[in-house]
>>> print(open('protein_18.csv').read())   # CSV, C-alpha atoms
chain,number,residue,atom,x,y,z
A,1,MET,CA,-1.3,9.1,18.2
A,2,THR,CA,-0.5,5.4,18.3
A,3,LYS,CA,0.0,3.3,15.2
A,4,PRO,CA,-3.2,1.2,15.7
A,5,VAL,CA,-5.3,4.3,16.0
A,6,GLN,CA,-3.7,5.9,12.9
A,7,ALA,CA,-4.2,2.7,11.0
A,8,ARG,CA,-7.9,2.6,11.8
A,9,SER,CA,-8.3,6.2,10.6
A,10,PHE,CA,-8.9,4.7,7.1
A,11,ASP,CA,-12.2,3.2,8.2
A,12,ALA,CA,-14.0,6.6,8.0
A,13,ILE,CA,-13.0,7.1,4.4
A,14,ALA,CA,-13.0,3.6,3.0
A,15,ALA,CA,-15.2,4.4,0.0
A,16,ASP,CA,-12.8,7.3,-1.0
A,17,TYR,CA,-9.8,5.0,-0.4
A,18,ASP,CA,-11.3,2.4,-2.7
A,19,ALA,CA,-12.2,4.9,-5.4
A,20,HIS,CA,-8.9,6.9,-5.5
A,21,ARG,CA,-6.0,4.9,-4.3
A,22,PRO,CA,-3.9,3.4,-7.1
A,23,SER,CA,-3.9,-0.4,-7.7
A,24,TYR,CA,-0.9,-2.4,-8.9
A,25,PRO,CA,0.5,-3.3,-12.3
A,26,PRO,CA,0.6,-6.9,-13.8
A,27,ALA,CA,4.4,-6.8,-13.8
A,28,LEU,CA,4.4,-6.7,-10.0
A,29,PHE,CA,2.7,-10.1,-9.8
A,30,ASP,CA,5.1,-11.5,-12.3
A,31,ALA,CA,7.8,-10.4,-10.0
A,32,VAL,CA,6.0,-11.9,-6.9
A,33,GLU,CA,5.8,-15.3,-8.7
A,34,GLU,CA,9.5,-15.1,-9.7
A,35,LEU,CA,10.9,-14.1,-6.3
A,36,ALA,CA,8.6,-16.3,-4.3
A,37,GLY,CA,8.8,-19.3,-6.5
A,38,VAL,CA,5.0,-19.6,-6.3
A,39,GLU,CA,2.7,-19.7,-9.2
A,40,LEU,CA,-0.3,-17.6,-8.2
A,41,ALA,CA,-2.8,-19.6,-10.2
A,42,GLY,CA,-4.2,-22.1,-7.6
A,43,ALA,CA,-2.0,-20.9,-4.8
A,44,ARG,CA,-3.4,-20.4,-1.3
A,45,VAL,CA,-2.8,-16.8,-0.5
A,46,ALA,CA,-3.5,-14.7,2.6
A,47,ASP,CA,-3.7,-11.0,1.8
A,48,VAL,CA,-3.1,-9.3,5.1
A,49,GLY,CA,-4.2,-5.8,5.8
A,50,ALA,CA,-6.3,-6.2,2.6
A,51,GLY,CA,-8.1,-2.9,3.1
A,52,THR,CA,-10.8,-2.4,0.4
A,53,GLY,CA,-9.2,-5.2,-1.7
A,54,LEU,CA,-7.1,-3.3,-4.2
A,55,GLY,CA,-4.3,-5.8,-4.1
A,56,THR,CA,-6.7,-8.7,-3.4
A,57,ALA,CA,-8.5,-8.1,-6.7
A,58,ARG,CA,-5.3,-8.3,-8.7
A,59,LEU,CA,-4.3,-11.5,-6.9
A,60,ARG,CA,-7.7,-13.1,-7.7
A,61,GLU,CA,-7.3,-12.1,-11.3
A,62,ARG,CA,-4.2,-14.2,-11.4
A,63,GLY,CA,-6.1,-17.2,-10.1
A,64,ALA,CA,-5.0,-17.2,-6.5
A,65,ARG,CA,-7.3,-18.8,-3.8
A,66,ILE,CA,-7.4,-15.9,-1.4
A,67,THR,CA,-8.3,-15.4,2.2
A,68,ALA,CA,-8.2,-11.7,3.0
A,69,VAL,CA,-7.4,-10.5,6.5
A,70,GLU,CA,-8.6,-7.0,7.6
A,71,PRO,CA,-9.0,-5.4,11.0
A,72,GLY,CA,-10.9,-2.3,10.2
A,73,ASP,CA,-14.7,-2.2,10.3
A,74,GLY,CA,-15.1,0.4,7.5
A,75,MET,CA,-12.4,-1.1,5.3
A,76,ALA,CA,-13.9,-4.6,5.7
A,77,GLU,CA,-17.4,-3.3,4.9
A,78,GLN,CA,-16.1,-1.7,1.7
A,79,PHE,CA,-14.2,-4.9,0.8
A,80,ARG,CA,-17.3,-6.9,1.0
A,81,ARG,CA,-19.1,-4.5,-1.3
A,82,SER,CA,-16.2,-4.6,-3.8
A,83,LEU,CA,-15.4,-8.3,-3.6
A,84,PRO,CA,-18.4,-10.2,-2.2
A,85,ASP,CA,-17.2,-13.5,-3.4
A,86,VAL,CA,-13.8,-13.4,-1.7
A,87,SER,CA,-13.3,-14.9,1.7
A,88,LEU,CA,-12.6,-12.2,4.3
A,89,VAL,CA,-11.7,-12.8,8.0
A,90,ARG,CA,-11.2,-10.1,10.7
A,91,GLY,CA,-7.8,-9.8,12.2
A,92,ASP,CA,-4.3,-8.5,11.6
A,93,GLY,CA,-0.8,-9.7,11.0
A,94,ASN,CA,0.1,-9.8,14.6
A,95,SER,CA,-2.4,-12.5,15.3
A,96,LEU,CA,-3.5,-14.2,12.1
A,97,PRO,CA,-6.9,-16.0,12.3
A,98,LEU,CA,-5.6,-18.7,10.0
A,99,ARG,CA,-4.6,-22.4,10.4
A,100,THR,CA,-0.9,-23.4,10.9
A,101,GLY,CA,0.7,-24.4,7.6
A,102,SER,CA,-2.4,-23.4,5.6
A,103,MET,CA,-0.9,-20.8,3.1
A,104,ASP,CA,1.5,-20.9,0.2
A,105,LEU,CA,2.0,-17.1,0.2
A,106,ILE,CA,1.3,-14.3,2.6
A,107,THR,CA,1.1,-10.8,1.0
A,108,TYR,CA,1.1,-7.3,2.5
A,109,ALA,CA,0.0,-4.7,0.0
A,110,GLN,CA,0.9,-1.3,1.5
A,111,SER,CA,0.2,-2.7,5.0
A,112,TRP,CA,3.3,-4.3,6.5
A,113,HIS,CA,4.3,-1.1,8.3
A,114,TRP,CA,1.2,-1.3,10.5
A,115,THR,CA,2.4,-4.6,12.1
A,116,ALA,CA,4.8,-5.3,15.0
A,117,PRO,CA,7.5,-7.5,13.3
A,118,ALA,CA,8.3,-9.3,16.6
A,119,ARG,CA,4.8,-10.7,16.4
A,120,SER,CA,3.9,-10.7,12.7
A,121,ILE,CA,7.1,-12.6,11.6
A,122,PRO,CA,6.4,-15.6,13.9
A,123,GLU,CA,2.8,-15.6,12.7
A,124,ALA,CA,3.9,-15.7,9.1
A,125,ARG,CA,6.2,-18.6,9.8
A,126,ARG,CA,3.3,-20.4,11.6
A,127,VAL,CA,0.7,-19.9,8.8
A,128,LEU,CA,3.0,-20.6,5.8
A,129,ARG,CA,3.6,-24.1,4.6
A,130,PRO,CA,7.2,-25.3,4.5
A,131,GLY,CA,8.8,-23.4,1.6
A,132,GLY,CA,6.1,-20.7,1.5
A,133,ALA,CA,6.8,-17.1,1.0
A,134,LEU,CA,6.1,-13.7,2.5
A,135,ALA,CA,5.7,-10.8,0.0
A,136,LEU,CA,5.6,-7.1,1.0
A,137,TRP,CA,5.1,-4.2,-1.3
A,138,TRP,CA,4.5,-0.4,-1.4
A,139,ASN,CA,3.5,2.1,-4.1
A,140,ASP,CA,5.6,5.3,-3.9
A,141,GLY,CA,5.9,8.2,-6.2
A,142,ASP,CA,8.7,7.9,-8.7
A,143,PRO,CA,11.6,10.0,-7.4
A,144,SER,CA,12.8,10.7,-11.0
A,145,VAL,CA,9.7,12.8,-11.7
A,146,GLU,CA,10.3,16.4,-10.7
A,147,TRP,CA,6.8,17.5,-10.0
A,148,LEU,CA,6.1,14.5,-7.8
A,149,VAL,CA,9.4,15.2,-5.8
A,150,ASP,CA,8.3,18.8,-5.4
A,151,GLN,CA,4.9,17.7,-4.1
A,152,GLU,CA,6.5,15.2,-1.7
A,153,ASN,CA,8.7,18.0,-0.4
A,154,ARG,CA,5.7,20.3,0.1
A,155,MET,CA,4.0,17.5,2.1
A,156,ARG,CA,7.2,17.1,4.2
A,157,VAL,CA,7.2,20.8,5.0
A,158,PHE,CA,3.5,20.6,6.0
A,159,PHE,CA,4.2,17.7,8.4
A,160,GLY,CA,7.4,19.1,9.7
A,161,VAL,CA,9.6,16.3,8.2
A,162,GLU,CA,13.1,16.9,7.0
A,163,ILE,CA,13.5,17.0,3.2
A,164,PRO,CA,16.2,14.4,2.1
A,165,ALA,CA,19.1,15.7,0.1
A,166,VAL,CA,18.5,12.9,-2.5
A,167,PRO,CA,15.1,11.3,-3.0
A,168,SER,CA,15.2,7.6,-2.6
A,169,HIS,CA,12.5,5.0,-2.0
A,170,ARG,CA,15.1,2.3,-1.4
A,171,ALA,CA,15.3,3.8,2.1
A,172,ARG,CA,11.8,2.4,2.7
A,173,PHE,CA,13.3,-1.1,2.6
A,174,ARG,CA,16.1,-0.3,5.1
A,175,ALA,CA,13.6,1.3,7.5
A,176,GLU,CA,10.8,-1.2,7.3
A,177,LEU,CA,12.2,-4.6,6.3
A,178,PRO,CA,12.6,-6.7,9.4
A,179,ASP,CA,16.0,-8.2,10.4
A,180,GLY,CA,16.6,-11.9,10.3
A,181,LEU,CA,15.0,-12.6,6.9
A,182,ASP,CA,16.7,-13.0,3.6
A,183,PHE,CA,14.7,-10.6,1.4
A,184,ARG,CA,15.0,-10.4,-2.4
A,185,THR,CA,13.8,-7.1,-3.7
A,186,ARG,CA,12.5,-5.6,-6.9
A,187,GLN,CA,11.1,-2.3,-8.0
A,188,VAL,CA,8.5,-2.0,-10.7
A,189,ALA,CA,7.7,1.3,-12.5
A,190,TRP,CA,4.2,2.1,-13.7
A,191,SER,CA,1.9,5.1,-14.1
A,192,ARG,CA,-1.7,6.1,-14.4
A,193,ARG,CA,-3.3,9.3,-15.8
A,194,VAL,CA,-6.1,10.9,-13.6
A,195,PRO,CA,-7.9,14.2,-13.2
A,196,ILE,CA,-6.3,16.7,-10.8
A,197,ASP,CA,-9.3,16.3,-8.4
A,198,ALA,CA,-8.8,12.5,-8.3
A,199,HIS,CA,-5.1,12.9,-7.6
A,200,VAL,CA,-5.8,15.3,-4.7
A,201,ALA,CA,-8.5,12.9,-3.5
A,202,ASN,CA,-5.9,10.1,-3.5
A,203,LEU,CA,-3.5,12.2,-1.4
A,204,ALA,CA,-6.2,13.0,1.0
A,205,THR,CA,-6.7,9.3,1.9
A,206,HIS,CA,-3.2,9.1,3.5
A,207,SER,CA,-3.3,8.6,7.2
A,208,ASP,CA,-1.1,11.6,8.1
A,209,PHE,CA,-3.8,13.9,6.6
A,210,LEU,CA,-6.6,12.0,8.1
A,211,ILE,CA,-5.4,12.6,11.6
A,212,GLY,CA,-4.3,16.2,11.0
A,213,ASP,CA,-6.1,19.4,11.8
A,214,PRO,CA,-9.1,19.6,9.4
A,215,ALA,CA,-8.8,23.3,8.7
A,216,ALA,CA,-5.1,23.1,8.1
A,217,VAL,CA,-5.5,20.1,5.8
A,218,ARG,CA,-8.3,21.7,3.9
A,219,ASP,CA,-6.1,24.8,3.3
A,220,TYR,CA,-3.2,22.7,2.3
A,221,PHE,CA,-5.3,20.9,-0.4
A,222,ASP,CA,-6.8,24.2,-1.7
A,223,ARG,CA,-3.2,25.5,-2.3
A,224,GLU,CA,-2.1,22.1,-3.7
A,225,ARG,CA,-5.0,22.0,-6.2
A,226,ALA,CA,-4.2,25.6,-7.3
A,227,LEU,CA,-0.6,24.7,-7.9
A,228,LEU,CA,-1.4,21.6,-9.9
A,229,THR,CA,-4.0,23.5,-12.0
A,230,ALA,CA,-1.4,26.0,-13.0
A,231,LEU,CA,1.1,23.3,-13.7
A,232,PHE,CA,-1.3,21.1,-15.7
A,233,PRO,CA,-3.8,23.4,-17.4
A,234,ASP,CA,-5.4,20.4,-19.2
A,235,GLY,CA,-6.7,19.2,-15.8
A,236,GLU,CA,-4.9,15.8,-15.7
A,237,VAL,CA,-1.7,14.5,-14.2
A,238,GLU,CA,0.2,11.3,-14.8
A,239,GLU,CA,1.0,9.7,-11.5
A,240,ALA,CA,4.3,7.8,-11.9
A,241,TYR,CA,4.9,5.1,-9.4
A,242,LEU,CA,7.6,2.7,-8.2
A,243,VAL,CA,6.3,-0.4,-6.5
A,244,SER,CA,8.9,-1.6,-4.1
A,245,LEU,CA,8.6,-5.4,-3.6
A,246,ALA,CA,10.4,-7.6,-1.0
A,247,VAL,CA,10.0,-11.3,-0.8
A,248,ALA,CA,11.4,-13.8,1.8
A,249,HIS,CA,11.0,-17.4,2.8
A,250,PRO,CA,10.6,-17.2,6.5
>>> encode(input="protein_18.csv", output="C-alpha cells")
Amino acid sequence: MTKPVQARSFDAIAADYDAHRPSYPPALFDAVEELAGVELAGARVADVGAGTGLGTARLRERGARITAVEPGDGMAEQFRRSLPDVSLVRGDGNSLPLRTGSMDLITYAQSWHWTAPARSIPEARRVLRPGGALALWWNDGDPSVEWLVDQENRMRVFFGVEIPAVPSHRARFRAELPDGLDFRTRQVAWSRRVPIDAHVANLATHSDFLIGDPAAVRDYFDRERALLTALFPDGEVEEAYLVSLAVAHP
C-alpha cells in the first residue's frame, strides 16, 4: 500500500483519532520557541498535516496566528468541528497552498513522515520568511518504561518487524530527518493516565492497524486488552511519552 493511501486511512476514524490520540505538553512549545527563535504569541504559523487539530489547538493556546493545512476529508471535517474558528486550507506539505514568505514557522506534528522531502523542503523554504523555522515532532512511548517496551515488541511481532536489541527513539531522527538541514533536537518527557479501553483505542488509530486484516487486528486487541487488564487491575495505565522535536532554519 502506498504512503498517500496509508496516510488517508485516518479519514475513516477521524473522530476516534481526535478522542484518543495524545496531545502535547506545554514544555514542548517552550522548546519550539527556544530552538526556533520564534515567540509563538503573534507568530504566523502553518501547521501542516494538522489532522484533527491536536497540535493546532496547543499552538493557538500560545497565541499563534495559525493556518492549518490538511489533505484528508475526514480529518478536515473533524478539525472544523473541533476548531471552527481556526483557518484551515486543504493541501499537503509537498505543495503548500500558502503565499511565498508568508510564515514565521512551519510545524509538522506527527506528520512529516507522510511528505516527500525532495518536495516538502523546497516548499518550506518558499513559504517561510527569511529567518523562519521548520519544526517537526513526534510522540513516542518512553523506552525506559518496561511495559510500553513489551507492548511495542508485541506490535512488532504482529507486523513482522524486527525487535531492536536496544530500544531507542533517537533512531527516528536518523531515519526521518532530511539531509541538508542543520537540525537542533530536543526530547521532552511527559505522561497521561487513561483507562485501558482508551489506551487500546489510541493504539487502534495507528495506520498500520487501520490497513491490516480486520479479523487479525480485532484478535490482537482482544489479547492486548486481556494482558493489560491482568497487568493493571485498577483499569488504568499511565502512558509515558517522549516527544522528539527537531527544528531547522531552511
>>> closest_residue(input="protein_18.csv", among="A:Gly141, A:Gly101, A:Pro71, A:Gly91", to="Trp190 in chain A", atoms="only C-alpha atoms")
A:Gly141
>>> closest_atom_pairs(input="protein_18.csv", of="range 207-247 of chain A", to="range 29-43 of chain A", cutoff="9 Å", atoms="all atoms listed in the file", output="Markdown table")
| residue | atom | partner | partner_atom | distance |
| --- | --- | --- | --- | --- |
| A:Leu245 | CA | A:Val32 | CA | 7.7 |
| A:Ala246 | CA | A:Leu35 | CA | 8.4 |
| A:Val247 | CA | A:Leu35 | CA | 6.2 |
>>> closest_residue(input="protein_18.csv", among="A:Ser82, A:Thr100, A:Asn94, A:Ser23", to="Val243 in chain A", atoms="all atoms listed in the file")
A:Ser23
>>> closest_residue(input="protein_18.csv", among="A:Tyr241, A:Trp114, A:Phe221, A:Phe209", to="Asp197 in chain A", atoms="all atoms listed in the file")
A:Phe221
>>> residues_around(input="protein_18.csv", residues="Phe158 in chain A", least_positions_apart="6", cutoff="10 Å", atoms="all atoms listed in the file", output="list in words")
Glu152, Phe209, Ala216, Val217 and Tyr220 of chain A
>>> closest_residue(input="protein_18.csv", among="A:Asn139, A:Ser111, A:Thr185, A:Thr67", to="Leu242 in chain A", atoms="all atoms listed in the file")
A:Asn139
>>> residues_around(input="protein_18.csv", residues="Gly235 in chain A", least_positions_apart="4", cutoff="8 Å", atoms="all atoms listed in the file", output="PyMOL selection string")
chain A and resi 195-196+229
>>> atom_distance(input="protein_18.csv", atom1="CA of Val157 in chain A", atom2="CA of Pro214 in chain A")
16.9 Å
>>> residues_around(input="protein_18.csv", residues="Asp47 in chain A", least_positions_apart="2", cutoff="7 Å", atoms="all atoms listed in the file", output="list in words")
Val45, Gly49, Ala50, Thr56, Ile66, Thr67, Ala68, Val69, Ile106, Thr107 and Tyr108 of chain A
>>> residues_around(input="protein_18.csv", residues="Ser102 in chain A", least_positions_apart="3", cutoff="8 Å", atoms="all atoms listed in the file", output="MDAnalysis selection string")
chainID A and resid 44 98:99 127:129
>>> atom_distance(input="protein_18.csv", atom1="CA of Leu96 in chain A", atom2="CA of Arg81 in chain A")
22.7 Å
>>> atom_distance(input="protein_18.csv", atom1="CA of Asp18 in chain A", atom2="CA of Leu105 in chain A")
23.8 Å
>>> closest_residue(input="protein_18.csv", among="A:Leu54, A:Ala240, A:Val194, A:Ala109", to="Ser144 in chain A", atoms="only C-alpha atoms")
A:Ala240
>>> closest_residue(input="protein_18.csv", among="A:Ala76, A:Val161, A:Ala198, A:Leu83", to="Arg58 in chain A", atoms="only C-alpha atoms")
A:Leu83
>>> residues_around(input="protein_18.csv", residues="Arg154 in chain A", least_positions_apart="6", cutoff="12 Å", atoms="only C-alpha atoms", output="number ranges by chain")
A: 147-148, 160-163, 220-221, 223-224, 227
>>> build_atoms(input="protein_18.csv", residues="range 19-30 of chain A", atoms="all heavy atoms", output="compact mmCIF listing (two decimals), in the frame of the given file")
# COMPACT_ATOMS: atom_id res chain seq x y z
N ALA A 19 -11.97 4.25 -4.13
CA ALA A 19 -12.20 4.90 -5.40
C ALA A 19 -10.91 5.59 -5.93
O ALA A 19 -10.73 5.68 -7.15
CB ALA A 19 -13.26 6.01 -5.22
N HIS A 20 -10.01 6.05 -5.05
CA HIS A 20 -8.90 6.90 -5.50
C HIS A 20 -7.52 6.37 -5.32
O HIS A 20 -6.60 6.84 -6.01
CB HIS A 20 -9.03 8.27 -4.80
CG HIS A 20 -10.30 9.00 -5.10
ND1 HIS A 20 -10.63 9.41 -6.37
CD2 HIS A 20 -11.34 9.36 -4.30
CE1 HIS A 20 -11.80 10.01 -6.35
NE2 HIS A 20 -12.26 9.98 -5.12
N ARG A 21 -7.32 5.41 -4.41
CA ARG A 21 -6.00 4.90 -4.30
C ARG A 21 -5.57 4.09 -5.51
O ARG A 21 -6.41 3.42 -6.13
CB ARG A 21 -5.90 3.96 -3.04
CG ARG A 21 -5.71 4.66 -1.71
CD ARG A 21 -4.33 5.25 -1.57
NE ARG A 21 -4.15 5.87 -0.26
CZ ARG A 21 -3.44 5.31 0.73
NH1 ARG A 21 -2.86 4.12 0.57
NH2 ARG A 21 -3.31 5.94 1.87
N PRO A 22 -4.30 4.12 -5.89
CA PRO A 22 -3.90 3.40 -7.10
C PRO A 22 -3.85 1.86 -6.78
O PRO A 22 -3.70 1.42 -5.64
CB PRO A 22 -2.43 3.87 -7.30
CG PRO A 22 -1.96 4.29 -5.94
CD PRO A 22 -3.19 4.88 -5.27
N SER A 23 -4.01 1.09 -7.84
CA SER A 23 -3.90 -0.40 -7.70
C SER A 23 -2.44 -0.75 -8.02
O SER A 23 -1.53 0.00 -7.66
CB SER A 23 -4.86 -1.03 -8.73
OG SER A 23 -4.82 -2.43 -8.58
N TYR A 24 -2.22 -1.88 -8.69
CA TYR A 24 -0.90 -2.40 -8.90
C TYR A 24 -0.77 -2.97 -10.31
O TYR A 24 -1.74 -3.55 -10.82
CB TYR A 24 -0.52 -3.46 -7.87
CG TYR A 24 -0.71 -2.98 -6.45
CD1 TYR A 24 -1.87 -3.30 -5.75
CD2 TYR A 24 0.23 -2.16 -5.84
CE1 TYR A 24 -2.08 -2.84 -4.46
CE2 TYR A 24 0.03 -1.69 -4.55
CZ TYR A 24 -1.12 -2.03 -3.86
OH TYR A 24 -1.32 -1.56 -2.59
N PRO A 25 0.39 -2.87 -10.95
CA PRO A 25 0.50 -3.30 -12.30
C PRO A 25 0.74 -4.82 -12.45
O PRO A 25 1.26 -5.46 -11.52
CB PRO A 25 1.79 -2.56 -12.81
CG PRO A 25 2.62 -2.46 -11.56
CD PRO A 25 1.63 -2.24 -10.44
N PRO A 26 0.39 -5.41 -13.60
CA PRO A 26 0.60 -6.90 -13.80
C PRO A 26 2.05 -7.28 -13.57
O PRO A 26 2.31 -8.39 -13.06
CB PRO A 26 0.17 -7.09 -15.24
CG PRO A 26 -0.82 -6.00 -15.51
CD PRO A 26 -0.33 -4.81 -14.74
N ALA A 27 3.01 -6.43 -13.93
CA ALA A 27 4.40 -6.80 -13.80
C ALA A 27 4.81 -7.06 -12.33
O ALA A 27 5.73 -7.83 -12.05
CB ALA A 27 5.32 -5.70 -14.38
N LEU A 28 4.10 -6.42 -11.40
CA LEU A 28 4.40 -6.70 -10.00
C LEU A 28 4.13 -8.14 -9.66
O LEU A 28 4.93 -8.79 -8.97
CB LEU A 28 3.52 -5.78 -9.11
CG LEU A 28 3.52 -6.15 -7.62
CD1 LEU A 28 4.89 -5.94 -7.01
CD2 LEU A 28 2.46 -5.34 -6.87
N PHE A 29 3.04 -8.69 -10.14
CA PHE A 29 2.70 -10.10 -9.80
C PHE A 29 3.53 -11.07 -10.52
O PHE A 29 3.76 -12.17 -10.02
CB PHE A 29 1.17 -10.24 -10.02
CG PHE A 29 0.37 -9.28 -9.18
CD1 PHE A 29 -0.10 -8.09 -9.72
CD2 PHE A 29 0.17 -9.53 -7.84
CE1 PHE A 29 -0.78 -7.19 -8.94
CE2 PHE A 29 -0.52 -8.63 -7.06
CZ PHE A 29 -0.99 -7.45 -7.60
N ASP A 30 4.04 -10.70 -11.70
CA ASP A 30 5.10 -11.50 -12.30
C ASP A 30 6.28 -11.61 -11.43
O ASP A 30 6.87 -12.69 -11.24
CB ASP A 30 5.48 -10.92 -13.68
CG ASP A 30 4.37 -10.92 -14.71
OD1 ASP A 30 3.42 -11.72 -14.58
OD2 ASP A 30 4.45 -10.11 -15.66
